[in-house]
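Shown here: data_17.txt, compact mmCIF, C-alpha atoms.
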# COMPACT_ATOMS: atom_id res chain seq x y z
CA MET N 1 1.49 7.81 29.25
CA PRO N 2 -1.26 5.68 27.70
CA ASP N 3 -1.19 1.92 28.12
CA PRO N 4 0.85 0.54 25.27
CA LEU N 5 -1.32 -0.76 22.43
CA PRO N 6 -1.24 -4.56 22.42
CA PRO N 7 -0.05 -5.94 19.06
CA TYR N 8 -2.84 -6.89 16.66
CA ARG N 9 -2.75 -10.62 15.90
CA THR N 10 -4.33 -12.57 13.08
CA THR N 11 -3.91 -15.78 11.11
CA VAL N 12 -3.36 -15.69 7.35
CA GLN N 13 -6.44 -16.99 5.53
CA SER N 14 -6.34 -18.99 2.31
CA ALA N 15 -8.45 -16.31 0.57
CA TRP N 16 -5.56 -13.87 1.10
CA LEU N 17 -3.04 -15.85 -0.97
CA ASP N 18 -2.21 -15.25 -4.62
CA TYR N 19 -0.80 -17.35 -7.46
CA ASN N 20 2.65 -17.22 -5.85
CA GLY N 21 1.26 -19.21 -2.93
CA HIS N 22 1.86 -16.48 -0.38
CA LEU N 23 0.07 -13.57 1.25
CA ASN N 24 -0.88 -11.15 -1.53
CA GLU N 25 0.46 -7.60 -1.34
CA ALA N 26 -3.05 -6.17 -0.85
CA TYR N 27 -3.83 -8.46 2.08
CA TYR N 28 -0.72 -7.38 3.96
CA LEU N 29 -2.38 -3.96 3.79
CA LEU N 30 -5.74 -5.38 4.89
CA ILE N 31 -4.01 -6.74 7.99
CA PHE N 32 -2.33 -3.35 8.56
CA SER N 33 -5.75 -1.72 8.13
CA TYR N 34 -7.24 -3.93 10.86
CA ALA N 35 -4.24 -3.13 13.08
CA THR N 36 -4.83 0.59 12.53
CA ASP N 37 -8.41 0.07 13.72
CA THR N 38 -7.08 -1.06 17.10
CA LEU N 39 -5.27 2.28 17.37
CA LEU N 40 -8.40 4.18 16.29
CA ASP N 41 -10.34 2.34 19.01
CA ALA N 42 -7.78 3.61 21.53
CA VAL N 43 -8.03 7.28 20.49
CA GLU N 44 -11.83 7.65 20.59
CA LEU N 45 -12.30 6.87 16.93
CA ASP N 46 -13.98 3.57 17.81
CA ALA N 47 -17.35 2.65 16.30
CA ALA N 48 -19.43 4.23 19.07
CA SER N 49 -17.50 7.51 18.95
CA ARG N 50 -17.62 7.60 15.16
CA GLU N 51 -21.38 7.22 15.29
CA LYS N 52 -21.92 9.65 18.15
CA HIS N 53 -19.65 12.41 16.84
CA GLN N 54 -20.01 11.70 13.12
CA VAL N 55 -16.25 11.53 12.60
CA SER N 56 -13.87 9.01 11.10
CA ALA N 57 -10.29 8.72 9.84
CA PHE N 58 -9.39 8.24 6.17
CA THR N 59 -5.96 7.17 4.93
CA LEU N 60 -4.28 9.70 2.66
CA GLU N 61 -0.96 8.05 1.94
CA THR N 62 0.77 4.74 2.64
CA HIS N 63 4.28 3.41 2.12
CA LEU N 64 4.71 -0.35 2.30
CA CYS N 65 7.93 -2.37 2.44
CA TYR N 66 7.64 -6.12 1.86
CA LEU N 67 10.44 -7.93 3.63
CA ALA N 68 9.48 -11.59 3.90
CA GLU N 69 6.91 -13.93 2.46
CA VAL N 70 4.04 -15.04 4.67
CA SER N 71 2.29 -18.38 4.15
CA GLU N 72 -1.26 -19.60 4.64
CA GLY N 73 -2.02 -20.31 8.27
CA ALA N 74 0.88 -18.23 9.54
CA GLU N 75 0.17 -16.19 12.62
CA VAL N 76 1.30 -12.57 12.37
CA GLU N 77 1.29 -9.68 14.78
CA VAL N 78 1.36 -5.97 14.03
CA GLU N 79 2.71 -3.28 16.29
CA VAL N 80 1.35 0.20 15.55
CA GLN N 81 3.23 3.33 16.63
CA VAL N 82 2.09 6.93 16.45
CA LEU N 83 4.99 9.00 15.13
CA GLY N 84 3.17 12.31 15.31
CA ALA N 85 -0.05 14.21 14.95
CA ASP N 86 -1.17 17.72 14.10
CA GLU N 87 -4.63 19.30 14.27
CA LYS N 88 -6.16 16.86 11.81
CA ARG N 89 -3.59 14.33 10.67
CA MET N 90 -1.84 11.41 12.31
CA HIS N 91 1.41 9.82 11.16
CA ILE N 92 1.70 6.16 12.08
CA PHE N 93 4.18 3.37 11.49
CA SER N 94 3.33 -0.32 11.75
CA GLU N 95 5.53 -3.38 11.73
CA MET N 96 4.24 -6.88 10.90
CA ARG N 97 6.09 -9.85 12.36
CA ARG N 98 5.64 -13.57 11.93
CA VAL N 99 4.84 -14.92 15.37
CA SER N 100 6.72 -18.19 14.70
CA ASP N 101 10.17 -16.64 14.35
CA GLY N 102 9.71 -12.92 14.99
CA ALA N 103 10.86 -12.05 11.45
CA VAL N 104 9.61 -8.67 10.25
CA SER N 105 7.53 -9.44 7.16
CA ALA N 106 6.46 -5.92 6.25
CA THR N 107 6.22 -2.32 7.39
CA ALA N 108 3.59 0.32 6.68
CA GLU N 109 3.89 4.06 7.15
CA MET N 110 0.65 5.97 6.86
CA ILE N 111 -0.93 9.38 7.11
CA LEU N 112 -4.56 9.41 8.19
CA VAL N 113 -6.78 12.44 8.29
CA ASN N 114 -9.77 13.19 10.48
CA VAL N 115 -13.02 13.52 8.56
CA ASP N 116 -16.34 15.13 9.48
CA MET N 117 -18.72 12.46 8.21
CA THR N 118 -21.60 14.90 7.79
CA THR N 119 -19.64 16.65 5.03
CA ARG N 120 -17.01 13.95 4.30
CA ARG N 121 -14.41 16.72 4.48
CA THR N 122 -11.31 16.94 6.63
CA ALA N 123 -11.76 18.57 10.03
CA PRO N 124 -9.75 18.98 13.25
CA PHE N 125 -9.59 16.02 15.64
CA ARG N 126 -11.82 16.12 18.71
CA PRO N 127 -9.67 17.29 21.65
CA GLU N 128 -9.97 13.85 23.31
CA THR N 129 -8.60 12.16 20.18
CA ARG N 130 -5.80 14.67 19.76
CA ALA N 131 -4.73 14.31 23.40
CA ARG N 132 -4.54 10.53 23.10
CA LEU N 133 -2.63 10.72 19.82
CA ASP N 134 -0.15 13.13 21.38
CA ALA N 135 0.29 10.81 24.34
CA PHE N 136 1.00 7.86 22.03
CA ALA N 137 3.42 10.00 20.02
CA GLU N 138 5.16 11.05 23.24
CA ALA N 139 5.50 7.40 24.24
CA SER N 140 6.99 6.59 20.82
CA ARG N 141 9.77 9.10 21.33
CA ALA N 142 11.43 6.71 23.76
CA LYS N 143 11.94 4.33 20.84
CA PRO N 144 14.30 4.72 17.90
CA TRP N 145 12.81 6.39 14.82
CA PRO N 146 11.83 3.50 12.49
CA GLU N 147 14.50 2.82 9.88
CA ARG N 148 11.91 2.62 7.09
CA ALA N 149 9.93 5.77 7.96
CA GLY N 150 10.20 8.65 5.50
CA ARG N 151 11.29 6.36 2.71
CA ALA N 152 10.56 7.02 -0.97
CA VAL N 153 10.63 4.46 -3.76
CA ARG N 154 14.03 4.72 -5.45
CA GLY N 155 13.77 4.42 -9.19
CA VAL N 156 15.60 1.92 -11.35
CA ARG N 157 15.31 4.08 -14.43
CA PRO N 158 18.15 3.34 -16.83
CA ALA N 159 20.97 5.87 -16.63
CA ALA N 160 20.22 7.12 -20.15
CA ALA N 161 16.90 8.46 -18.95
CA ALA N 162 18.27 10.38 -15.98
CA MET F 163 7.50 0.38 -29.38
CA PRO F 164 5.14 -2.13 -27.74
CA ASP F 165 1.40 -1.74 -28.12
CA PRO F 166 0.24 0.45 -25.26
CA LEU F 167 -1.20 -1.56 -22.40
CA PRO F 168 -4.99 -1.15 -22.33
CA PRO F 169 -6.22 0.20 -18.97
CA TYR F 170 -7.37 -2.46 -16.52
CA ARG F 171 -11.07 -2.03 -15.70
CA THR F 172 -13.10 -3.38 -12.83
CA THR F 173 -16.25 -2.65 -10.83
CA VAL F 174 -16.04 -2.06 -7.08
CA GLN F 175 -17.58 -4.98 -5.20
CA SER F 176 -19.52 -4.66 -1.94
CA ALA F 177 -17.00 -6.97 -0.21
CA TRP F 178 -14.33 -4.32 -0.82
CA LEU F 179 -16.05 -1.61 1.25
CA ASP F 180 -15.33 -0.78 4.87
CA TYR F 181 -17.23 0.85 7.71
CA ASN F 182 -16.83 4.25 6.05
CA GLY F 183 -18.99 3.00 3.18
CA HIS F 184 -16.23 3.33 0.59
CA LEU F 185 -13.53 1.26 -1.06
CA ASN F 186 -11.17 0.13 1.71
CA GLU F 187 -7.50 1.15 1.45
CA ALA F 188 -6.41 -2.48 0.98
CA TYR F 189 -8.80 -3.09 -1.89
CA TYR F 190 -7.48 -0.12 -3.84
CA LEU F 191 -4.22 -2.07 -3.69
CA LEU F 192 -5.94 -5.30 -4.72
CA ILE F 193 -7.20 -3.51 -7.84
CA PHE F 194 -3.69 -2.15 -8.47
CA SER F 195 -2.35 -5.69 -8.02
CA TYR F 196 -4.72 -7.01 -10.69
CA ALA F 197 -3.70 -4.15 -12.97
CA THR F 198 -0.03 -5.04 -12.46
CA ASP F 199 -0.89 -8.58 -13.59
CA THR F 200 -1.95 -7.21 -16.99
CA LEU F 201 1.54 -5.70 -17.31
CA LEU F 202 3.16 -8.97 -16.21
CA ASP F 203 1.13 -10.77 -18.88
CA ALA F 204 2.58 -8.38 -21.45
CA VAL F 205 6.24 -8.94 -20.44
CA GLU F 206 6.25 -12.74 -20.50
CA LEU F 207 5.49 -13.11 -16.83
CA ASP F 208 2.04 -14.50 -17.65
CA ALA F 209 0.84 -17.76 -16.07
CA ALA F 210 2.18 -20.01 -18.83
CA SER F 211 5.65 -18.38 -18.77
CA ARG F 212 5.77 -18.44 -14.99
CA GLU F 213 5.06 -22.17 -15.05
CA LYS F 214 7.39 -22.97 -17.94
CA HIS F 215 10.37 -20.93 -16.72
CA GLN F 216 9.68 -21.15 -12.96
CA VAL F 217 9.85 -17.39 -12.51
CA SER F 218 7.57 -14.77 -11.01
CA ALA F 219 7.62 -11.17 -9.80
CA PHE F 220 7.28 -10.17 -6.15
CA THR F 221 6.53 -6.65 -4.93
CA LEU F 222 9.24 -5.15 -2.72
CA GLU F 223 7.90 -1.69 -2.04
CA THR F 224 4.73 0.32 -2.72
CA HIS F 225 3.73 3.93 -2.24
CA LEU F 226 0.03 4.70 -2.36
CA CYS F 227 -1.71 8.08 -2.52
CA TYR F 228 -5.45 8.13 -1.89
CA LEU F 229 -7.04 11.07 -3.68
CA ALA F 230 -10.78 10.42 -3.90
CA GLU F 231 -13.31 8.09 -2.36
CA VAL F 232 -14.70 5.29 -4.53
CA SER F 233 -18.18 3.85 -3.94
CA GLU F 234 -19.72 0.42 -4.35
CA GLY F 235 -20.56 -0.33 -7.95
CA ALA F 236 -18.23 2.36 -9.30
CA GLU F 237 -16.30 1.41 -12.39
CA VAL F 238 -12.60 2.23 -12.21
CA GLU F 239 -9.76 1.93 -14.66
CA VAL F 240 -6.05 1.68 -13.95
CA GLU F 241 -3.28 2.76 -16.28
CA VAL F 242 0.07 1.11 -15.56
CA GLN F 243 3.33 2.68 -16.72
CA VAL F 244 6.83 1.23 -16.57
CA LEU F 245 9.17 3.96 -15.33
CA GLY F 246 12.31 1.86 -15.51
CA ALA F 247 13.91 -1.52 -15.15
CA ASP F 248 17.31 -2.94 -14.33
CA GLU F 249 18.60 -6.51 -14.46
CA LYS F 250 16.07 -7.79 -11.93
CA ARG F 251 13.79 -4.99 -10.80
CA MET F 252 11.01 -3.01 -12.42
CA HIS F 253 9.71 0.37 -11.32
CA ILE F 254 6.09 0.97 -12.19
CA PHE F 255 3.54 3.70 -11.61
CA SER F 256 -0.21 3.19 -11.79
CA GLU F 257 -3.06 5.64 -11.76
CA MET F 258 -6.65 4.69 -10.87
CA ARG F 259 -9.46 6.78 -12.32
CA ARG F 260 -13.20 6.66 -11.82
CA VAL F 261 -14.67 5.91 -15.24
CA SER F 262 -17.75 8.09 -14.57
CA ASP F 263 -15.89 11.40 -14.31
CA GLY F 264 -12.23 10.60 -14.98
CA ALA F 265 -11.22 11.72 -11.46
CA VAL F 266 -7.94 10.19 -10.28
CA SER F 267 -8.86 8.24 -7.16
CA ALA F 268 -5.42 6.87 -6.27
CA THR F 269 -1.88 6.30 -7.45
CA ALA F 270 0.53 3.45 -6.73
CA GLU F 271 4.27 3.43 -7.26
CA MET F 272 5.90 0.02 -6.95
CA ILE F 273 9.16 -1.86 -7.22
CA LEU F 274 8.83 -5.50 -8.25
CA VAL F 275 11.66 -7.98 -8.36
CA ASN F 276 12.11 -11.05 -10.52
CA VAL F 277 12.19 -14.30 -8.55
CA ASP F 278 13.48 -17.75 -9.44
CA MET F 279 10.63 -19.87 -8.10
CA THR F 280 12.81 -22.95 -7.68
CA THR F 281 14.77 -21.11 -4.96
CA ARG F 282 12.33 -18.24 -4.24
CA ARG F 283 15.31 -15.91 -4.49
CA THR F 284 15.76 -12.86 -6.69
CA ALA F 285 17.29 -13.50 -10.11
CA PRO F 286 17.83 -11.57 -13.36
CA PHE F 287 14.87 -11.20 -15.72
CA ARG F 288 14.74 -13.47 -18.74
CA PRO F 289 16.04 -11.46 -21.74
CA GLU F 290 12.57 -11.48 -23.34
CA THR F 291 11.05 -9.93 -20.21
CA ARG F 292 13.81 -7.35 -19.88
CA ALA F 293 13.47 -6.32 -23.53
CA ARG F 294 9.74 -5.77 -23.16
CA LEU F 295 10.14 -3.85 -19.92
CA ASP F 296 12.76 -1.62 -21.56
CA ALA F 297 10.43 -1.01 -24.48
CA PHE F 298 7.59 -0.03 -22.14
CA ALA F 299 9.96 2.24 -20.20
CA GLU F 300 11.13 3.84 -23.45
CA ALA F 301 7.49 4.48 -24.42
CA SER F 302 6.88 6.10 -21.01
CA ARG F 303 9.61 8.62 -21.62
CA ALA F 304 7.34 10.46 -24.04
CA LYS F 305 5.05 11.22 -21.09
CA PRO F 306 5.72 13.58 -18.19
CA TRP F 307 7.27 12.00 -15.10
CA PRO F 308 4.35 11.31 -12.72
CA GLU F 309 3.93 14.06 -10.15
CA ARG F 310 3.55 11.53 -7.31
CA ALA F 311 6.50 9.28 -8.20
CA GLY F 312 9.44 9.31 -5.78
CA ARG F 313 7.28 10.65 -2.98
CA ALA F 314 7.93 9.91 0.70
CA VAL F 315 5.44 10.26 3.53
CA ARG F 316 6.02 13.62 5.17
CA GLY F 317 5.73 13.44 8.91
CA VAL F 318 3.47 15.52 11.08
CA ARG F 319 5.65 15.11 14.13
CA PRO F 320 5.22 18.01 16.51
CA ALA F 321 7.96 20.61 16.22
CA ALA F 322 9.20 19.84 19.72
CA ALA F 323 10.24 16.37 18.57
CA ALA F 324 12.22 17.53 15.54
Mind turning the file's structure into structure tokens?
Amino acid sequence: MPDPLPPYRTTVQSAWLDYNGHLNEAYYLLIFSYATDTLLDAVELDAASREKHQVSAFTLETHLCYLAEVSEGAEVEVEVQVLGADEKRMHIFSEMRRVSDGAVSATAEMILVNVDMTTRRTAPFRPETRARLDAFAEASRAKPWPERAGRAVRGVRPAAAA
Amino acid sequence: MPDPLPPYRTTVQSAWLDYNGHLNEAYYLLIFSYATDTLLDAVELDAASREKHQVSAFTLETHLCYLAEVSEGAEVEVEVQVLGADEKRMHIFSEMRRVSDGAVSATAEMILVNVDMTTRRTAPFRPETRARLDAFAEASRAKPWPERAGRAVRGVRPAAAA
């Protein structure tokens, strides 16, 4: 089993707020993006490995649920879980909590794909990366499947249009 | 029928790039967020109405599909469609295209909810807002349902974990 990934922590900056006076929807995702980088660092997709092996990971798809407002100056932490991986994709799920009260402010489910940066096309993970992803996924199996994973937006189309 | 919403256009700024040298996942969403604002302006959720009636719209849920890389300096346009609305929620779908070649670079499906800003709790839309949303939704019915609406992230969990 790999060492568990420590939660990513950051403090909400004033530049991340919008006219509603709270963390803007896009900056929740920026925080999730930084949290994902801590996972990538732990699976040999860190900066040195990216440079040496000319690989990287691109996000293909993301599902966000916004559960609570977050204010300027709030400290938040993000826990990133690997739900699965195949030869070139990883499926991850992240939960953002306010440090002050532990309230879950948002969740993000993502698919990332491995990319050969010499061609910018998808390519299989390096074996070292795949092995670490599989170990993280194995460790996740001890935890309950996240309630908000696999979720689709449910429409509010008026009945007449159904 | 309302006048169709003109596409929102912007140019990708260098601050929006990441270490892969392309538009970062979060900044696609920032562009979508600005595009949503043009819709809000058109349904009486503009700045003056928000102030006067102490209302706003908060995003509850977002599904993003990343389809093509976008480079610094690229001009993109976003078309926002209203797929439906009920007494306090709207369901929208946005498509981002590169202006240079028309390629779809990303899509965003969102649910937004009306909020009473005196309590910061959800509340029914003002009738004027609801009427405009319904008119936009009616206009959308002439178009095919977006291929990527209603999509969930499909896992890549190894078979052994199923």
Got a sec to align chain F on chain N by every in-order Cα pair and hand back the fitted coordinates as an mmCIF file with C-alpha atoms, in the frame of the given file?
data_model
loop_
_atom_site.group_PDB
_atom_site.id
_atom_site.type_symbol
_atom_site.label_atom_id
_atom_site.label_comp_id
_atom_site.auth_asym_id
_atom_site.auth_seq_id
_atom_site.Cartn_x
_atom_site.Cartn_y
_atom_site.Cartn_z
ATOM 1 C CA MET F 163 1.498 7.846 29.254
ATOM 2 C CA PRO F 164 -1.236 5.695 27.686
ATOM 3 C CA ASP F 165 -1.173 1.941 28.117
ATOM 4 C CA PRO F 166 0.861 0.552 25.244
ATOM 5 C CA LEU F 167 -1.313 -0.744 22.435
ATOM 6 C CA PRO F 168 -1.241 -4.556 22.417
ATOM 7 C CA PRO F 169 -0.058 -5.947 19.057
ATOM 8 C CA TYR F 170 -2.847 -6.890 16.663
ATOM 9 C CA ARG F 171 -2.759 -10.625 15.893
ATOM 10 C CA THR F 172 -4.328 -12.567 13.074
ATOM 11 C CA THR F 173 -3.911 -15.797 11.112
ATOM 12 C CA VAL F 174 -3.363 -15.692 7.351
ATOM 13 C CA GLN F 175 -6.437 -16.992 5.537
ATOM 14 C CA SER F 176 -6.341 -18.998 2.302
ATOM 15 C CA ALA F 177 -8.445 -16.307 0.567
ATOM 16 C CA TRP F 178 -5.560 -13.875 1.099
ATOM 17 C CA LEU F 179 -3.046 -15.857 -0.983
ATOM 18 C CA ASP F 180 -2.212 -15.264 -4.625
ATOM 19 C CA TYR F 181 -0.801 -17.340 -7.459
ATOM 20 C CA ASN F 182 2.647 -17.220 -5.854
ATOM 21 C CA GLY F 183 1.255 -19.221 -2.934
ATOM 22 C CA HIS F 184 1.869 -16.465 -0.392
ATOM 23 C CA LEU F 185 0.072 -13.570 1.247
ATOM 24 C CA ASN F 186 -0.888 -11.157 -1.542
ATOM 25 C CA GLU F 187 0.457 -7.589 -1.353
ATOM 26 C CA ALA F 188 -3.055 -6.175 -0.847
ATOM 27 C CA TYR F 189 -3.829 -8.461 2.067
ATOM 28 C CA TYR F 190 -0.724 -7.383 3.954
ATOM 29 C CA LEU F 191 -2.380 -3.965 3.783
ATOM 30 C CA LEU F 192 -5.733 -5.378 4.885
ATOM 31 C CA ILE F 193 -4.013 -6.748 7.997
ATOM 32 C CA PHE F 194 -2.338 -3.364 8.555
ATOM 33 C CA SER F 195 -5.752 -1.722 8.135
ATOM 34 C CA TYR F 196 -7.235 -3.928 10.859
ATOM 35 C CA ALA F 197 -4.261 -3.135 13.082
ATOM 36 C CA THR F 198 -4.830 0.593 12.530
ATOM 37 C CA ASP F 199 -8.415 0.066 13.723
ATOM 38 C CA THR F 200 -7.091 -1.065 17.119
ATOM 39 C CA LEU F 201 -5.273 2.282 17.364
ATOM 40 C CA LEU F 202 -8.404 4.170 16.287
ATOM 41 C CA ASP F 203 -10.334 2.345 19.013
ATOM 42 C CA ALA F 204 -7.786 3.613 21.526
ATOM 43 C CA VAL F 205 -8.035 7.294 20.468
ATOM 44 C CA GLU F 206 -11.818 7.641 20.583
ATOM 45 C CA LEU F 207 -12.311 6.867 16.930
ATOM 46 C CA ASP F 208 -13.988 3.565 17.822
ATOM 47 C CA ALA F 209 -17.366 2.637 16.308
ATOM 48 C CA ALA F 210 -19.445 4.210 19.079
ATOM 49 C CA SER F 211 -17.515 7.520 18.943
ATOM 50 C CA ARG F 212 -17.624 7.593 15.163
ATOM 51 C CA GLU F 213 -21.400 7.217 15.287
ATOM 52 C CA LYS F 214 -21.946 9.649 18.152
ATOM 53 C CA HIS F 215 -19.669 12.419 16.858
ATOM 54 C CA GLN F 216 -20.008 11.699 13.113
ATOM 55 C CA VAL F 217 -16.255 11.529 12.606
ATOM 56 C CA SER F 218 -13.871 9.005 11.104
ATOM 57 C CA ALA F 219 -10.300 8.719 9.842
ATOM 58 C CA PHE F 220 -9.391 8.241 6.183
ATOM 59 C CA THR F 221 -5.971 7.165 4.925
ATOM 60 C CA LEU F 222 -4.272 9.700 2.653
ATOM 61 C CA GLU F 223 -0.955 8.049 1.944
ATOM 62 C CA THR F 224 0.777 4.723 2.643
ATOM 63 C CA HIS F 225 4.277 3.400 2.126
ATOM 64 C CA LEU F 226 4.718 -0.352 2.291
ATOM 65 C CA CYS F 227 7.933 -2.382 2.430
ATOM 66 C CA TYR F 228 7.642 -6.120 1.856
ATOM 67 C CA LEU F 229 10.457 -7.940 3.627
ATOM 68 C CA ALA F 230 9.482 -11.604 3.913
ATOM 69 C CA GLU F 231 6.914 -13.938 2.445
ATOM 70 C CA VAL F 232 4.036 -15.044 4.676
ATOM 71 C CA SER F 233 2.285 -18.391 4.160
ATOM 72 C CA GLU F 234 -1.261 -19.615 4.642
ATOM 73 C CA GLY F 235 -2.026 -20.335 8.265
ATOM 74 C CA ALA F 236 0.880 -18.234 9.541
ATOM 75 C CA GLU F 237 0.153 -16.185 12.614
ATOM 76 C CA VAL F 238 1.294 -12.575 12.366
ATOM 77 C CA GLU F 239 1.285 -9.686 14.777
ATOM 78 C CA VAL F 240 1.353 -5.979 14.014
ATOM 79 C CA GLU F 241 2.710 -3.283 16.286
ATOM 80 C CA VAL F 242 1.352 0.189 15.539
ATOM 81 C CA GLN F 243 3.222 3.313 16.627
ATOM 82 C CA VAL F 244 2.085 6.926 16.445
ATOM 83 C CA LEU F 245 4.992 8.997 15.131
ATOM 84 C CA GLY F 246 3.181 12.313 15.293
ATOM 85 C CA ALA F 247 -0.049 14.201 14.957
ATOM 86 C CA ASP F 248 -1.175 17.702 14.106
ATOM 87 C CA GLU F 249 -4.615 19.305 14.267
ATOM 88 C CA LYS F 250 -6.153 16.864 11.795
ATOM 89 C CA ARG F 251 -3.584 14.329 10.660
ATOM 90 C CA MET F 252 -1.832 11.407 12.293
ATOM 91 C CA HIS F 253 1.402 9.798 11.165
ATOM 92 C CA ILE F 254 1.693 6.151 12.081
ATOM 93 C CA PHE F 255 4.177 3.361 11.501
ATOM 94 C CA SER F 256 3.340 -0.326 11.745
ATOM 95 C CA GLU F 257 5.527 -3.382 11.723
ATOM 96 C CA MET F 258 4.250 -6.886 10.901
ATOM 97 C CA ARG F 259 6.105 -9.850 12.364
ATOM 98 C CA ARG F 260 5.647 -13.571 11.922
ATOM 99 C CA VAL F 261 4.823 -14.921 15.374
ATOM 100 C CA SER F 262 6.711 -18.191 14.720
ATOM 101 C CA ASP F 263 10.169 -16.636 14.385
ATOM 102 C CA GLY F 264 9.706 -12.911 15.010
ATOM 103 C CA ALA F 265 10.856 -12.053 11.460
ATOM 104 C CA VAL F 266 9.604 -8.667 10.252
ATOM 105 C CA SER F 267 7.532 -9.453 7.175
ATOM 106 C CA ALA F 268 6.458 -5.918 6.252
ATOM 107 C CA THR F 269 6.222 -2.325 7.386
ATOM 108 C CA ALA F 270 3.585 0.318 6.671
ATOM 109 C CA GLU F 271 3.905 4.052 7.144
ATOM 110 C CA MET F 272 0.648 5.973 6.858
ATOM 111 C CA ILE F 273 -0.932 9.391 7.106
ATOM 112 C CA LEU F 274 -4.570 9.399 8.193
ATOM 113 C CA VAL F 275 -6.788 12.439 8.295
ATOM 114 C CA ASN F 276 -9.772 13.190 10.492
ATOM 115 C CA VAL F 277 -13.033 13.530 8.567
ATOM 116 C CA ASP F 278 -16.341 15.134 9.487
ATOM 117 C CA MET F 279 -18.725 12.465 8.221
ATOM 118 C CA THR F 280 -21.606 14.903 7.812
ATOM 119 C CA THR F 281 -19.643 16.654 5.037
ATOM 120 C CA ARG F 282 -17.012 13.960 4.313
ATOM 121 C CA ARG F 283 -14.423 16.724 4.484
ATOM 122 C CA THR F 284 -11.312 16.933 6.633
ATOM 123 C CA ALA F 285 -11.760 18.560 10.038
ATOM 124 C CA PRO F 286 -9.740 18.972 13.252
ATOM 125 C CA PHE F 287 -9.596 16.024 15.651
ATOM 126 C CA ARG F 288 -11.821 16.138 18.705
ATOM 127 C CA PRO F 289 -9.658 17.296 21.656
ATOM 128 C CA GLU F 290 -9.960 13.864 23.308
ATOM 129 C CA THR F 291 -8.599 12.169 20.180
ATOM 130 C CA ARG F 292 -5.791 14.684 19.771
ATOM 131 C CA ALA F 293 -4.738 14.305 23.411
ATOM 132 C CA ARG F 294 -4.526 10.536 23.089
ATOM 133 C CA LEU F 295 -2.629 10.719 19.817
ATOM 134 C CA ASP F 296 -0.151 13.153 21.385
ATOM 135 C CA ALA F 297 0.296 10.819 24.331
ATOM 136 C CA PHE F 298 0.985 7.871 22.020
ATOM 137 C CA ALA F 299 3.425 10.004 20.012
ATOM 138 C CA GLU F 300 5.173 11.072 23.221
ATOM 139 C CA ALA F 301 5.503 7.403 24.237
ATOM 140 C CA SER F 302 7.009 6.605 20.813
ATOM 141 C CA ARG F 303 9.770 9.109 21.346
ATOM 142 C CA ALA F 304 11.440 6.718 23.773
ATOM 143 C CA LYS F 305 11.948 4.329 20.848
ATOM 144 C CA PRO F 306 14.312 4.747 17.905
ATOM 145 C CA TRP F 307 12.828 6.388 14.814
ATOM 146 C CA PRO F 308 11.845 3.508 12.489
ATOM 147 C CA GLU F 309 14.507 2.810 9.887
ATOM 148 C CA ARG F 310 11.909 2.617 7.089
ATOM 149 C CA ALA F 311 9.943 5.767 7.967
ATOM 150 C CA GLY F 312 10.195 8.659 5.502
ATOM 151 C CA ARG F 313 11.295 6.350 2.716
ATOM 152 C CA ALA F 314 10.558 7.012 -0.962
ATOM 153 C CA VAL F 315 10.642 4.462 -3.759
ATOM 154 C CA ARG F 316 14.015 4.719 -5.455
ATOM 155 C CA GLY F 317 13.751 4.394 -9.188
ATOM 156 C CA VAL F 318 15.589 1.929 -11.353
ATOM 157 C CA ARG F 319 15.326 4.094 -14.429
ATOM 158 C CA PRO F 320 18.139 3.376 -16.844
ATOM 159 C CA ALA F 321 20.976 5.878 -16.632
ATOM 160 C CA ALA F 322 20.264 7.133 -20.139
ATOM 161 C CA ALA F 323 16.918 8.492 -18.956
ATOM 162 C CA ALA F 324 18.296 10.403 -15.973
#
*Using atom CA of N:Glu109 and atom CA of F:Tyr181 as the two end points, give the distance in Å to one decimal.*
21.4 Å
*Output as an MDAnalysis selection string the set of chain F residues within 9 Å of chain N, with distances taken over only C-alpha atoms.*
chainID F and resid 181:182 186:195 209 218:229 245:248 251:254 271:273 279 296 299:300 303 311:320 323
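Take atom CA of F:Leu202 and atom CA of F:Arg283: the distance between them is 18.3 Å.
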*Find the residues around F:Glu206 up to 9 Å (only C-alpha atoms counted), leave out those fewer than 6 positions away in its own chain, and share them as a count of residues only.*
5
*Counting all atoms listed in the file, which residues come within 7 Å of (-16.9, 16.1, 12.3), with the point read in the file's coordinates, and could you list them as a PyMOL selection string?*
chain N and resi 53-55+115-118+123
Hey, can I get the axis-aligned box for stretch 31-43 of chain N? All listed atoms, 5 Å padding on each side, centre and edge lengths in Å to one decimal, as JSON.
{"center_x": -6.3, "center_y": 0.3, "center_z": 14.8, "size_x": 18.0, "size_y": 24.0, "size_z": 23.5}
_For a quick check of your reading of the model, name the residues lying within 12 Å of the coordinate (-8.1, -4.5, 13.5), counting all atoms listed in the file, and write them as a PyMOL selection string._
(chain N and resi 5-10+29-42+46+77-80) or (chain F and resi 180)
*Take atom CA of F:Phe298 and atom CA of F:Gly264 and report the distance between them in Å, one decimal.*
23.6 Å
